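Dropping model_17.cif in here (mmCIF, C-alpha atoms and all ligand atoms):
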data_coords
loop_
_atom_site.group_PDB
_atom_site.id
_atom_site.type_symbol
_atom_site.label_atom_id
_atom_site.label_comp_id
_atom_site.auth_asym_id
_atom_site.auth_seq_id
_atom_site.Cartn_x
_atom_site.Cartn_y
_atom_site.Cartn_z
ATOM 1 C CA MET A 1 82.954 25.175 66.899
ATOM 2 C CA GLN A 2 83.850 28.517 65.342
ATOM 3 C CA LYS A 3 81.023 30.184 63.446
ATOM 4 C CA ILE A 4 81.922 31.229 59.892
ATOM 5 C CA ALA A 5 81.102 34.892 59.329
ATOM 6 C CA HIS A 6 79.153 35.367 56.148
ATOM 7 C CA ARG A 7 79.471 38.715 54.460
ATOM 8 C CA HIS A 8 76.713 40.787 52.863
ATOM 9 C CA PHE A 9 76.706 42.130 49.329
ATOM 10 C CA ALA A 10 74.041 44.105 47.480
ATOM 11 C CA LEU A 11 73.201 43.480 43.828
ATOM 12 C CA VAL A 12 71.041 46.113 42.169
ATOM 13 C CA PRO A 13 69.467 45.245 38.804
ATOM 14 C CA ALA A 14 69.353 48.532 36.877
ATOM 15 C CA ALA A 15 69.283 47.380 33.276
ATOM 16 C CA GLY A 16 65.572 47.647 32.526
ATOM 17 C CA GLY A 17 64.035 49.758 29.793
ATOM 18 C CA GLY A 18 61.170 51.180 31.854
ATOM 19 C CA THR A 19 58.545 50.582 29.158
ATOM 20 C CA ARG A 20 55.592 51.040 31.522
ATOM 21 C CA MET A 21 56.813 54.514 32.452
ATOM 22 C CA GLY A 22 56.455 55.499 28.801
ATOM 23 C CA ARG A 23 59.521 57.760 28.867
ATOM 24 C CA GLU A 24 62.559 57.682 26.654
ATOM 25 C CA THR A 25 64.960 57.677 29.583
ATOM 26 C CA PRO A 26 64.979 54.386 31.532
ATOM 27 C CA LYS A 27 63.399 55.031 34.921
ATOM 28 C CA GLN A 28 66.602 54.414 36.905
ATOM 29 C CA TYR A 29 67.914 57.657 35.431
ATOM 30 C CA LEU A 30 64.745 59.755 35.679
ATOM 31 C CA ASN A 31 64.989 62.851 37.817
ATOM 32 C CA LEU A 32 63.715 62.387 41.371
ATOM 33 C CA MET A 33 64.184 65.412 43.610
ATOM 34 C CA GLY A 34 67.094 66.726 41.566
ATOM 35 C CA GLU A 35 69.048 63.531 41.112
ATOM 36 C CA PRO A 36 68.755 60.254 39.223
ATOM 37 C CA LEU A 37 66.242 57.931 40.849
ATOM 38 C CA LEU A 38 68.944 55.288 41.118
ATOM 39 C CA ARG A 39 71.053 57.493 43.362
ATOM 40 C CA HIS A 40 68.396 57.435 46.104
ATOM 41 C CA THR A 41 68.397 53.643 46.019
ATOM 42 C CA LEU A 42 72.163 53.346 46.064
ATOM 43 C CA ARG A 43 72.667 55.933 48.803
ATOM 44 C CA VAL A 44 70.720 53.813 51.271
ATOM 45 C CA LEU A 45 72.444 50.561 50.361
ATOM 46 C CA CYS A 46 75.927 52.111 50.440
ATOM 47 C CA ALA A 47 75.267 53.447 53.947
ATOM 48 C CA VAL A 48 74.386 50.045 55.448
ATOM 49 C CA PRO A 49 77.450 49.108 57.522
ATOM 50 C CA GLN A 50 77.025 45.341 57.048
ATOM 51 C CA ILE A 51 77.024 45.615 53.256
ATOM 52 C CA GLU A 52 80.578 45.310 51.927
ATOM 53 C CA ARG A 53 79.952 46.206 48.305
ATOM 54 C CA VAL A 54 77.064 47.406 46.161
ATOM 55 C CA TYR A 55 77.123 46.012 42.620
ATOM 56 C CA VAL A 56 74.943 47.820 40.088
ATOM 57 C CA VAL A 57 73.938 45.724 37.075
ATOM 58 C CA LEU A 58 73.799 48.046 34.060
ATOM 59 C CA SER A 59 72.902 47.345 30.431
ATOM 60 C CA VAL A 60 75.847 46.273 28.339
ATOM 61 C CA GLY A 61 75.550 49.465 26.286
ATOM 62 C CA ASP A 62 74.729 51.846 29.167
ATOM 63 C CA GLN A 63 76.142 55.264 28.342
ATOM 64 C CA THR A 64 74.403 57.192 31.091
ATOM 65 C CA TRP A 65 76.094 55.949 34.265
ATOM 66 C CA ASN A 66 79.420 57.591 33.464
ATOM 67 C CA GLY A 67 77.728 60.932 32.908
ATOM 68 C CA PHE A 68 77.117 61.287 36.654
ATOM 69 C CA ASP A 69 79.524 61.660 39.523
ATOM 70 C CA TRP A 70 78.847 58.877 42.039
ATOM 71 C CA SER A 71 81.954 59.439 44.153
ATOM 72 C CA ASP A 72 80.037 60.852 47.129
ATOM 73 C CA LEU A 73 78.528 57.391 47.664
ATOM 74 C CA GLY A 74 81.947 56.009 48.554
ATOM 75 C CA ASP A 75 84.054 53.160 47.316
ATOM 76 C CA LYS A 76 81.570 50.345 47.954
ATOM 77 C CA LEU A 77 79.885 51.065 44.659
ATOM 78 C CA LYS A 78 80.792 48.975 41.601
ATOM 79 C CA PRO A 79 78.985 49.133 38.243
ATOM 80 C CA ILE A 80 78.970 45.947 36.169
ATOM 81 C CA TYR A 81 77.823 46.063 32.543
ATOM 82 C CA VAL A 82 76.188 42.652 32.254
ATOM 83 C CA GLY A 83 72.421 43.343 32.072
ATOM 84 C CA GLY A 84 70.284 40.801 30.223
ATOM 85 C CA PRO A 85 66.924 40.738 28.439
ATOM 86 C CA SER A 86 64.911 40.105 31.632
ATOM 87 C CA ARG A 87 65.339 41.050 35.280
ATOM 88 C CA ALA A 88 66.179 37.422 36.118
ATOM 89 C CA ASP A 89 68.865 37.409 33.400
ATOM 90 C CA SER A 90 70.355 40.624 34.755
ATOM 91 C CA VAL A 91 70.483 39.219 38.279
ATOM 92 C CA LEU A 92 71.989 35.914 37.184
ATOM 93 C CA ASN A 93 74.571 37.636 34.965
ATOM 94 C CA GLY A 94 75.408 39.868 37.917
ATOM 95 C CA LEU A 95 75.845 36.910 40.239
ATOM 96 C CA ARG A 96 78.195 35.264 37.759
ATOM 97 C CA ALA A 97 80.203 38.460 37.327
ATOM 98 C CA ILE A 98 80.795 38.964 41.057
ATOM 99 C CA ARG A 99 81.887 35.385 41.660
ATOM 100 C CA PRO A 100 85.580 36.215 42.196
ATOM 101 C CA ASP A 101 84.677 38.473 45.159
ATOM 102 C CA VAL A 102 81.984 36.386 46.813
ATOM 103 C CA ARG A 103 81.970 33.068 48.671
ATOM 104 C CA ASP A 104 79.224 30.426 48.396
ATOM 105 C CA GLY A 105 77.690 31.169 51.803
ATOM 106 C CA ASP A 106 77.820 34.975 51.618
ATOM 107 C CA TRP A 107 74.514 36.802 51.630
ATOM 108 C CA VAL A 108 73.395 38.679 48.526
ATOM 109 C CA LEU A 109 70.680 41.309 48.895
ATOM 110 C CA VAL A 110 69.069 41.813 45.478
ATOM 111 C CA HIS A 111 67.275 45.145 45.325
ATOM 112 C CA ASP A 112 65.471 46.800 42.400
ATOM 113 C CA ALA A 113 67.040 50.058 41.263
ATOM 114 C CA ALA A 114 63.432 51.139 40.790
ATOM 115 C CA ARG A 115 62.672 51.127 44.549
ATOM 116 C CA PRO A 116 64.197 54.469 45.577
ATOM 117 C CA CYS A 117 62.239 54.782 48.846
ATOM 118 C CA LEU A 118 64.074 51.942 50.522
ATOM 119 C CA ALA A 119 64.841 53.059 54.080
ATOM 120 C CA PRO A 120 67.666 51.967 56.391
ATOM 121 C CA TRP A 121 65.143 50.359 58.745
ATOM 122 C CA HIS A 122 63.821 48.140 55.936
ATOM 123 C CA VAL A 123 67.314 46.749 55.369
ATOM 124 C CA ASP A 124 67.944 46.404 59.114
ATOM 125 C CA ALA A 125 64.725 44.402 59.565
ATOM 126 C CA LEU A 126 65.683 42.069 56.739
ATOM 127 C CA ILE A 127 69.262 41.461 57.876
ATOM 128 C CA ASP A 128 68.348 41.146 61.573
ATOM 129 C CA THR A 129 65.586 38.634 60.856
ATOM 130 C CA LEU A 130 67.467 36.506 58.365
ATOM 131 C CA ASP A 131 71.070 36.421 59.475
ATOM 132 C CA ASP A 132 70.732 32.968 61.095
ATOM 133 C CA ASP A 133 68.125 31.690 58.646
ATOM 134 C CA GLU A 134 68.826 28.545 56.642
ATOM 135 C CA VAL A 135 67.063 29.787 53.516
ATOM 136 C CA GLY A 136 66.838 33.577 53.498
ATOM 137 C CA GLY A 137 63.848 35.664 52.537
ATOM 138 C CA LEU A 138 62.406 38.929 51.360
ATOM 139 C CA LEU A 139 60.629 42.059 52.383
ATOM 140 C CA ALA A 140 56.904 41.804 51.714
ATOM 141 C CA VAL A 141 53.606 43.370 52.694
ATOM 142 C CA PRO A 142 50.341 41.523 53.478
ATOM 143 C CA VAL A 143 47.665 42.202 50.865
ATOM 144 C CA ALA A 144 45.274 44.828 52.230
ATOM 145 C CA ASP A 145 42.467 44.892 49.654
ATOM 146 C CA THR A 146 39.796 42.411 48.650
ATOM 147 C CA LEU A 147 41.071 40.548 45.598
ATOM 148 C CA LYS A 148 39.031 39.799 42.465
ATOM 149 C CA ARG A 149 39.696 37.360 39.636
ATOM 150 C CA ALA A 150 38.638 38.903 36.309
ATOM 151 C CA ASP A 151 37.258 37.326 33.159
ATOM 152 C CA PRO A 152 38.484 38.498 29.714
ATOM 153 C CA GLN A 153 35.644 41.069 29.659
ATOM 154 C CA GLY A 154 36.895 42.706 32.845
ATOM 155 C CA ARG A 155 34.067 41.335 35.025
ATOM 156 C CA ALA A 156 34.714 39.820 38.433
ATOM 157 C CA VAL A 157 34.203 36.068 38.459
ATOM 158 C CA ALA A 158 35.497 35.315 41.950
ATOM 159 C CA THR A 159 36.813 36.825 45.146
ATOM 160 C CA VAL A 160 40.199 35.339 46.004
ATOM 161 C CA PRO A 161 40.848 34.762 49.730
ATOM 162 C CA ARG A 162 43.651 37.110 50.729
ATOM 163 C CA ASP A 163 44.398 35.614 54.175
ATOM 164 C CA SER A 164 47.826 34.285 53.292
ATOM 165 C CA LEU A 165 48.720 36.555 50.391
ATOM 166 C CA TRP A 166 51.653 38.961 50.504
ATOM 167 C CA GLN A 167 53.068 41.398 47.976
ATOM 168 C CA ALA A 168 56.747 40.739 47.340
ATOM 169 C CA GLN A 169 59.202 43.608 47.545
ATOM 170 C CA THR A 170 62.969 43.831 47.531
ATOM 171 C CA PRO A 171 65.605 43.482 48.926
ATOM 172 C CA GLN A 172 65.474 39.711 48.662
ATOM 173 C CA MET A 173 68.314 38.136 50.630
ATOM 174 C CA PHE A 174 69.742 34.720 49.852
ATOM 175 C CA ARG A 175 73.060 32.948 50.035
ATOM 176 C CA TYR A 176 75.149 33.412 46.918
ATOM 177 C CA MET A 177 75.403 29.855 45.637
ATOM 178 C CA MET A 178 71.884 28.814 46.644
ATOM 179 C CA LEU A 179 70.487 31.777 44.706
ATOM 180 C CA ARG A 180 72.718 31.288 41.695
ATOM 181 C CA ARG A 181 71.808 27.592 41.396
ATOM 182 C CA ALA A 182 68.102 28.358 41.841
ATOM 183 C CA LEU A 183 68.159 31.019 39.108
ATOM 184 C CA GLU A 184 70.115 28.754 36.786
ATOM 185 C CA SER A 185 67.348 26.157 37.096
ATOM 186 C CA ALA A 186 64.340 28.486 37.010
ATOM 187 C CA ARG A 187 65.010 31.333 34.617
ATOM 188 C CA ASP A 188 61.442 32.456 33.938
ATOM 189 C CA VAL A 189 60.795 34.136 37.285
ATOM 190 C CA THR A 190 59.971 37.679 38.312
ATOM 191 C CA ASP A 191 61.829 37.597 41.615
ATOM 192 C CA GLU A 192 64.572 35.675 43.402
ATOM 193 C CA ALA A 193 62.193 34.116 45.922
ATOM 194 C CA SER A 194 60.266 32.401 43.097
ATOM 195 C CA ALA A 195 63.439 30.631 42.032
ATOM 196 C CA ILE A 196 64.167 29.552 45.593
ATOM 197 C CA GLU A 197 60.559 28.313 45.962
ATOM 198 C CA ALA A 198 60.920 26.349 42.708
ATOM 199 C CA ALA A 199 63.948 24.685 44.286
ATOM 200 C CA GLY A 200 61.640 23.401 47.051
ATOM 201 C CA LEU A 201 62.645 25.886 49.752
ATOM 202 C CA ARG A 202 60.505 28.376 51.674
ATOM 203 C CA PRO A 203 61.827 31.935 51.868
ATOM 204 C CA ARG A 204 60.870 33.867 55.003
ATOM 205 C CA LEU A 205 58.523 36.799 54.508
ATOM 206 C CA VAL A 206 59.816 39.767 56.483
ATOM 207 C CA ARG A 207 57.176 42.411 56.960
ATOM 208 C CA GLY A 208 58.035 45.685 55.275
ATOM 209 C CA ASP A 209 55.745 48.576 54.467
ATOM 210 C CA PRO A 210 54.163 50.038 51.338
ATOM 211 C CA THR A 211 56.496 53.046 51.237
ATOM 212 C CA ASN A 212 59.128 50.795 49.657
ATOM 213 C CA LEU A 213 57.194 51.040 46.405
ATOM 214 C CA LYS A 214 58.460 50.147 42.952
ATOM 215 C CA VAL A 215 58.383 52.991 40.471
ATOM 216 C CA THR A 216 56.581 51.339 37.572
ATOM 217 C CA TYR A 217 54.030 53.859 36.214
ATOM 218 C CA PRO A 218 54.266 57.683 35.966
ATOM 219 C CA LEU A 219 52.159 58.219 39.117
ATOM 220 C CA ASP A 220 54.683 56.193 41.139
ATOM 221 C CA LEU A 221 57.337 58.834 40.559
ATOM 222 C CA HIS A 222 55.112 61.426 42.257
ATOM 223 C CA LEU A 223 54.358 59.024 45.103
ATOM 224 C CA ALA A 224 58.064 58.354 45.566
ATOM 225 C CA GLU A 225 58.792 62.068 45.757
ATOM 226 C CA TRP A 226 56.033 62.548 48.332
ATOM 227 C CA ILE A 227 57.343 59.681 50.447
ATOM 228 C CA LEU A 228 60.920 60.925 50.410
ATOM 229 C CA LYS A 229 59.918 64.502 51.192
ATOM 230 C CA ASN A 230 57.647 63.518 54.066
ATOM 231 C CA ARG A 231 59.771 60.842 55.628
ATOM 232 C CA GLU A 232 61.199 61.472 59.058
ATOM 233 C CA SER A 233 64.757 60.219 59.064
HETATM 234 N N1 LIG A 301 66.222 43.304 31.709
HETATM 235 C C1 LIG A 301 66.059 43.886 32.889
HETATM 236 C C2 LIG A 301 64.762 44.269 33.343
HETATM 237 C C3 LIG A 301 64.648 44.898 34.572
HETATM 238 N N2 LIG A 301 65.742 45.150 35.306
HETATM 239 C C4 LIG A 301 65.632 45.886 36.574
HETATM 240 O O1 LIG A 301 64.751 45.208 37.442
HETATM 241 C C5 LIG A 301 64.068 46.144 38.272
HETATM 242 C C6 LIG A 301 62.565 45.893 38.296
HETATM 243 O O2 LIG A 301 62.081 45.769 36.975
HETATM 244 P P1 LIG A 301 60.899 46.598 36.334
HETATM 245 O O3 LIG A 301 60.212 47.460 37.284
HETATM 246 O O4 LIG A 301 60.091 45.640 35.522
HETATM 247 O O5 LIG A 301 61.755 47.571 35.393
HETATM 248 P P2 LIG A 301 61.785 47.754 33.839
HETATM 249 O O6 LIG A 301 62.042 46.436 33.157
HETATM 250 O O7 LIG A 301 62.755 48.832 33.598
HETATM 251 O O8 LIG A 301 60.310 48.273 33.523
HETATM 252 P P3 LIG A 301 59.252 47.752 32.468
HETATM 253 O O9 LIG A 301 58.941 46.322 32.860
HETATM 254 O O10 LIG A 301 58.101 48.676 32.604
HETATM 255 O O11 LIG A 301 59.938 47.826 31.114
HETATM 256 C C7 LIG A 301 64.411 47.534 37.741
HETATM 257 O O12 LIG A 301 65.302 48.145 38.640
HETATM 258 C C8 LIG A 301 65.026 47.270 36.387
HETATM 259 O O13 LIG A 301 66.019 48.213 36.006
HETATM 260 C C9 LIG A 301 67.014 44.757 34.862
HETATM 261 O O14 LIG A 301 68.005 44.977 35.537
HETATM 262 N N3 LIG A 301 67.135 44.116 33.655
HETATM 263 C C1 LIG A 302 61.046 41.738 42.232
HETATM 264 C C2 LIG A 302 59.824 42.576 42.325
HETATM 265 O O1 LIG A 302 60.164 43.898 42.716
HETATM 266 C C3 LIG A 302 58.926 42.028 43.409
HETATM 267 O O2 LIG A 302 57.773 42.778 43.523
HETATM 268 C C4 LIG A 302 59.086 42.675 41.025
HETATM 269 O O3 LIG A 302 58.530 41.442 40.699
HETATM 270 C C5 LIG A 302 59.979 43.164 39.878
HETATM 271 O O4 LIG A 302 59.247 43.785 38.885
HETATM 272 P P1 LIG A 302 58.644 43.060 37.601
HETATM 273 O O5 LIG A 302 57.666 44.044 37.065
HETATM 274 O O6 LIG A 302 57.990 41.800 38.043
HETATM 275 O O7 LIG A 302 59.841 42.835 36.724
#
Hey, can you dump this file as structure tokens for me?
Amino acid sequence: MQKIAHRHFALVPAAGGGTRMGRETPKQYLNLMGEPLLRHTLRVLCAVPQIERVYVVLSVGDQTWNGFDWSDLGDKLKPIYVGGPSRADSVLNGLRAIRPDVRDGDWVLVHDAARPCLAPWHVDALIDTLDDDEVGGLLAVPVADTLKRADPQGRAVATVPRDSLWQAQTPQMFRYMMLRRALESARDVTDEASAIEAAGLRPRLVRGDPTNLKVTYPLDLHLAEWILKNRES
């Protein structure tokens, strides 16, 4: 029997307000080594040969995107102005918007705009591991520290076993329709894998590394710069 080739698409939620950064400019547009943080993220995704198109989910009223020239990233890049109030809303709105281009079984790699240190080898590991997987999965890193549960006074009440705990990263790679249905049923989630889990499936954890950090707080921007400057390509 002939195997159906499933294509790969990237969907990049970039419609957040960046409140924890405490800056007026949303973090996707903050300066990182002379260019908007988002450009680092998109450059890597656009250069992955298997990825056919990179959709960037922007806020409905985004007026910043058009102020930059993105043409050097090639014609895979497509902004869509459908961001929602939460990350999950932005992703789901994005999935709905790209429907005309994408088939049910195609892979969608959802990647935070705010993870600018994504490296080509992270994406390769994810795609290579998951391409024949029934469910899909995500990059993640095993928890390295001892974990404490706190009481409201900030005192440790218990040590939580960390043996099987992982920190979720992105990209998270799932088939288009499976992901869309899962998000439509479980809207209050912080990542795609949670929605898939809520649907009773078990996403594969693909080991990444901590350099694929999410820029959340001001210090993270400095860490991201250090990582990019010191990375051997
Ligand atoms: N309504 C939202 C919220 C978040 N995101 C995106 O989801 C990613 C991860 O979210 P997070 O780090 O929480 O970003 P912000 O929501 O911007 O930050 P904060 O929670 O501090 O406001 C980011 O690329 C962000 O732009 C989005 O597209 N739409
Ligand atoms: C999806 C995510 O990057 C996994 O770590 C993360 O959950 C998104 O950030 P948020 O702060 O939870 O919105």
Margin query: Neighbouring residues of ligand LIG 302 (chain A) are defined here as those with any atom at most 12 Å from a ligand atom, counting all atoms listed in the file; list them as a PyMOL selection string.
Written below: chain A and resi 12-21+85-91+109-116+118+138-141+166-173+188-195+210+212-217
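Run against this file, the PyMOL selection byres (((chain A and resi 102) around 12) and not hetatm) gives back His6, Arg7, His8, Phe9, Ala10, Leu11, Glu52, Arg53, Tyr55, Gly94, Leu95, Arg96, Ala97, Ile98, Arg99, Pro100, Asp101, Arg103, Asp104, Gly105, Asp106, Trp107, Val108, Arg175, Tyr176, Met177 and Arg180 of chain A.
Residue membership of the PyMOL selection byres (((chain A and resi 44) around 9) and not hetatm) in the shown file amounts to Arg39, His40, Thr41, Leu42, Arg43, Leu45, Cys46, Ala47, Val48, Pro116, Cys117, Leu118, Ala119, Pro120 and Val123 of chain A.
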Note to self: Could you check the closest approach to ligand LIG 301 (chain A) for each of A:Thr146, A:Ser71, A:Thr64, A:Asn93 and tell me which residue wins, using all atoms listed in the file?
What the structure shows: A:Asn93
Next item on the list: Could you jot down the atom CA of Leu221 of chain A to atom CA of Val54 of chain A separation for me, Å, one decimal place?
Entry: 23.5 Å
Checklist line | Pick from A:Asp128, A:Asp220, A:Asp75, A:Asp163, whichever lies nearest to ligand LIG 301 (chain A) using all atoms listed in the file | finding: A:Asp220
Margin query: Let me make sure I understand: among A:Pro142, A:Gly200, A:Gly84, A:Pro79, which one has the smallest atom-to-atom distance to Ser59 of chain A if we use all atoms listed in the file?
Written below: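 Of A:Pro142, A:Gly200, A:Gly84, A:Pro79, the one nearest Ser59 of chain A, counting all atoms listed in the file, is A:Gly84.
Using all atoms listed in the file, the smallest distance between any of A:Val135, A:Leu228, A:Leu38, A:Leu219 and ligand LIG 301 (chain A) comes from A:Leu38.
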Notebook entry, point to check: Which distance in Å separates atom P2 of ligand LIG 301 (chain A) and atom CA of Asn230 of chain A, to one decimal?
Noted result: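 Interatomic distance here is 26.0 Å.
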Check: Hey, which of A:Leu73, A:Leu183, A:Pro218, A:Ala150 ends up closest to ligand LIG 301 (chain A)? Count all atoms listed in the file.
Finding: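 Comparing A:Leu73, A:Leu183, A:Pro218, A:Ala150 against ligand LIG 301 (chain A), the winner is A:Pro218.
In terms of minimum interatomic distance to Trp65 of chain A, A:Ile80 ranks closest within A:Ala5, A:Val157, A:Ile80, A:Val143, counting all atoms listed in the file.
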Box for ligand LIG 301 (chain A) - axis-aligned, 8 Å on each of the six sides, all listed atoms - centre and size in Å to one decimal, as JSON.
{"center_x": 63.1, "center_y": 46.1, "center_z": 34.9, "size_x": 25.9, "size_y": 21.5, "size_z": 23.5}
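The shell of residues at most 12 Å from Val160 of chain A, with all atoms listed in the file counted and near chain neighbours (fewer than 4 positions) removed, consists of Val143, Asp145, Thr146, Leu147, Lys148, Arg149, Ala150, Ala156, Ser164 and Leu165 of chain A.
Taking atom CA of Gly137 of chain A and atom CA of Leu205 of chain A as the two end points, the separation is 5.8 Å.
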